[in-house]
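Worksheet: one structure, shown below.
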Protein chains: 2
Amino acid sequence: MIASDKFLESKGIRPTAMRLLVFQHLAKSKVATTLSDIENAFAKADRTTLFRTLKTFEQKRVVHQIDDGSGIMKYALCEEGCNCELERDLHLHFHCTNCGETICLTEQKIPHINLPDGFVAEDANLVLKGICDKCSGQ
Amino acid sequence: MIASDKFLESKGIRPTAMRLLVFQHLAKSKVATTLSDIENAFAKADRTTLFRTLKTFEQKRVVHQIDDGSGIMKYALCEEGCNCELERDLHLHFHCTNCGETICLTEQKIPHINLPDGFVAEDANLVLKGICDKCSGQ
DNA sequence: TCAATAAATGCACTTCCATTGCATTGCCCT
DNA sequence: AGGGCAATGCAATGGAAGTGCATTTATTGA
Ligand SMILES: [Mn+2]
Ligand SMILES: [Mn+2]
Ligand SMILES: [Zn+2]
Ligand SMILES: [Zn+2]
């Protein structure tokens, strides 16, 4: 367990107080997090700063953005061994229509798809919607 | 080739002039269509009416909405033999990052995914992003 | 150390699209 | 014709992403 500030530095991010708080908040969360989630968690923080913090994290491959179709972007930490620099870590996401939470299913990779001639895929987004384990009572 | 008005009626939709125009516009289009696309095609039409027309079509399973991650919703006619009423017709969509167009790959179904215990999937959205056949020059 | 420089932050504002409220119009049926 | 409901048009709202710019904070190097 490397210290947060060292980790951010290793990614080329200056570890400001705000960034450390946001990073640790993301690290604690088991589910994908919205900008508003973070805004509510740190009442003193300005939305724009948080927004730009997330964009910085995304650019430096510390988090990935998740579009689960809810209309609100969510963010989650990238996995430890994730080789985001080369190729996106194409796991799928599950969005619970009951509790509204979205989680990374990092074990479930997006299967390879054979596309018609002429189509070249560079990225993929697979979101399953339904009832999550907590909501299905199991 | 059934007449448009008869078709809409068969779906429980009153075939107004506006609705027929929108339907035929969608039928002609090879790619998924935005509200603004339609608005531009019929300068006289009001955006709200077109919006509600699409919602009606969606509810009656004449079109399906496509969230390709571009931030703008798109719509495409459902397939002829599509049994949308029972279960969503889970084909994938391809979004070209060059020309911005999104097309239904109705032949390419979303593969079945084994989920962890407790997760129950009811819907799925798979969007591949990259270069389309027209833009790859092939 | 201290001034110069660069990076991060905070506030206000904009933009874009989806969505709604409400008054009006048009259609259908008796 | 007239009552009633569905469809339409216009105006306004809402939610979220994103930008401009001034201010504060950190870093650098003379
Ligand atoms: Mn994820
Ligand atoms: Mn489609
Ligand atoms: Zn849930
Ligand atoms: Zn293209």
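Residues are referred to by chain and number: the chain letter is A, B, ... according to the order shown in the structure tokens, the number counts from 1 in that chain, and ligands are numbered separately from 1 in the order shown.
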
Run DSSP on the backbone of this structure and report the residues of chain A it assigns to strand (DSSP E), as a ChimeraX atom specification.
/A:33-34,63-66,74-77,91-96,102-109,120-131

Could you report the residues within 8 Å of ligand 4, using only C-alpha atoms (C1' of nucleotides) and all ligand atoms, as a PyMOL selection string?
chain B and resi 95-101+131-136

Compile a residue-level contact table for chain B against ligand 3 at a cut-off of 12 Å, reporting for every qualifying residue the shortest atom pair and its distance in Å to one decimal, with only C-alpha atoms and all ligand atoms counted, rows ordered by chain and ascending number, as a tab-separated table.
```
residue	atom	partner	partner_atom_place_in_ligand_line	distance
B:Gly118	CA	ligand 3	1 (Zn)	10.1
B:Phe119	CA	ligand 3	1 (Zn)	8.9
B:Val120	CA	ligand 3	1 (Zn)	10.1
B:Ala121	CA	ligand 3	1 (Zn)	11.4
```

From the list C:DT14, C:DT19, C:DT9, C:DT24, the nearest residue to chain A using only C-alpha atoms (C1' of nucleotides) is C:DT9

Around ligand 1, at most 7 Å away and counting only C-alpha atoms (C1' of nucleotides) and all ligand atoms, which residues are there? Put them as a PyMOL selection string, please.
chain A and resi 64+66+76+91-93+103-106

Find the nearest atom pair between each residue of chain C and chain A for residues within 12 Å, count only C-alpha atoms (C1' of nucleotides), give distances in Å to one decimal, sort rows by chain and ascending number, and present the table as CSV.
```
residue,atom,partner,partner_atom,distance
C:DA7,C1',A:Arg14,CA,9.2
C:DA8,C1',A:Thr49,CA,8.3
C:DT9,C1',A:Thr49,CA,6.2
C:DG10,C1',A:Asp46,CA,6.6
C:DC11,C1',A:Asp46,CA,8.9
C:DA12,C1',A:Thr48,CA,11.2
C:DC17,C1',A:Gly71,CA,11.1
C:DA18,C1',A:Gly71,CA,10.0
```

Restrict the selected residues to C-alpha atoms (C1' of nucleotides) and save them as a compact mmCIF listing (two decimals), in the first residue's frame.
```
# COMPACT_ATOMS: atom_id res chain seq x y z
C1' DA C 7 0.30 25.73 -11.35
C1' DA C 8 -3.90 25.25 -8.90
C1' DT C 9 -8.06 27.14 -7.16
C1' DG C 10 -12.59 29.81 -6.78
C1' DC C 11 -16.33 32.30 -8.66
C1' DA C 12 -19.22 33.61 -12.28
C1' DC C 17 -29.40 19.31 -24.79
C1' DA C 18 -33.29 17.17 -22.47
```

Given a cut-off of 12 Å, what residues near ligand 2 show up using only C-alpha atoms (C1' of nucleotides) and all ligand atoms, put as number ranges by chain?
B: 30-33, 62-68, 73-79, 82, 84, 88-95, 102-110, 124-127

Output C-alpha atoms for every residue in that selection, as a CSV table (one decimal), in the first residue's frame.
```csv
chain,number,residue,atom,x,y,z
B,30,LYS,CA,-28.9,4.6,-42.8
B,31,VAL,CA,-27.5,6.0,-39.6
B,32,ALA,CA,-28.9,6.9,-36.2
B,33,THR,CA,-30.5,10.3,-36.1
B,62,VAL,CA,-41.1,1.9,-33.4
B,63,VAL,CA,-37.7,3.3,-32.6
B,64,HIS,CA,-35.0,2.7,-30.1
B,65,GLN,CA,-32.9,5.3,-28.4
B,66,ILE,CA,-29.1,5.0,-28.7
B,67,ASP,CA,-26.7,6.5,-26.3
B,68,ASP,CA,-23.4,6.3,-28.1
B,73,MET,CA,-29.2,10.9,-28.0
B,74,LYS,CA,-29.8,9.2,-31.3
B,75,TYR,CA,-32.7,7.2,-32.6
B,76,ALA,CA,-33.1,4.5,-35.2
B,77,LEU,CA,-36.1,2.4,-36.4
B,78,CYS,CA,-36.4,-0.9,-34.8
B,79,GLU,CA,-36.0,-3.9,-37.1
B,82,CYS,CA,-37.8,-7.2,-33.7
B,84,CYS,CA,-39.0,-5.5,-28.6
B,88,ARG,CA,-34.8,-5.7,-26.0
B,89,ASP,CA,-33.2,-6.4,-29.4
B,90,LEU,CA,-29.6,-6.3,-28.1
B,91,HIS,CA,-27.5,-5.4,-31.1
B,92,LEU,CA,-24.5,-3.3,-30.8
B,93,HIS,CA,-23.8,0.2,-32.1
B,94,PHE,CA,-20.8,1.7,-33.7
B,95,HIS,CA,-19.9,5.3,-33.2
B,102,THR,CA,-23.6,6.1,-35.3
B,103,ILE,CA,-25.0,3.0,-37.0
B,104,CYS,CA,-26.9,0.0,-35.8
B,105,LEU,CA,-25.0,-3.2,-36.3
B,106,THR,CA,-28.1,-5.3,-36.1
B,107,GLU,CA,-26.4,-8.5,-37.1
B,108,GLN,CA,-23.9,-8.2,-34.2
B,109,LYS,CA,-25.7,-9.2,-31.0
B,110,ILE,CA,-24.3,-8.4,-27.6
B,124,ALA,CA,-27.4,-4.0,-22.1
B,125,ASN,CA,-25.7,-1.3,-24.1
B,126,LEU,CA,-22.6,-2.0,-26.1
B,127,VAL,CA,-21.0,0.8,-28.1
```

Would you mind listing, as a PDB file with C-alpha atoms (C1' of nucleotides), in the first residue's frame, all residues of chain D that have at least one atom within 9 Å of chain B, where only C-alpha atoms (C1' of nucleotides) are what counts?
```
ATOM      1  C1'  DA D   7     -51.362  16.645 -30.764  1.00  0.00           C
ATOM      2  C1'  DT D   8     -48.908  20.831 -31.438  1.00  0.00           C
ATOM      3  C1'  DG D   9     -46.272  25.283 -30.573  1.00  0.00           C
ATOM      4  C1'  DC D  10     -44.045  28.490 -27.756  1.00  0.00           C
TER       5       DC D  10
END
```

Please run DSSP on the backbone and report, as a count of residues only, all residues within chain B that come out as helix (DSSP H, G or I).
39

How many Å separate CA of Val22 (chain B) from CA of Ile38 (chain B)?
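Distance reported for this atom pair: 7.2 Å.
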
CA of Ala3 (chain A) to CA of Arg19 (chain A), straight-line distance in Å:
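It comes out at 13.2 Å.
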
Which one of A:Asn114, A:Ser4, A:Gln59, A:Ser36 sits closest to chain B if you count only C-alpha atoms?
A:Asn114

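Proximity of B:Glu80, B:Gly69, B:Ser29, B:Lys60 to chain A, computed with only C-alpha atoms, is greatest for B:Gly69.
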
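Going from C1' of DC22 (chain C) to CA of Leu54 (chain B) covers 20.9 Å.
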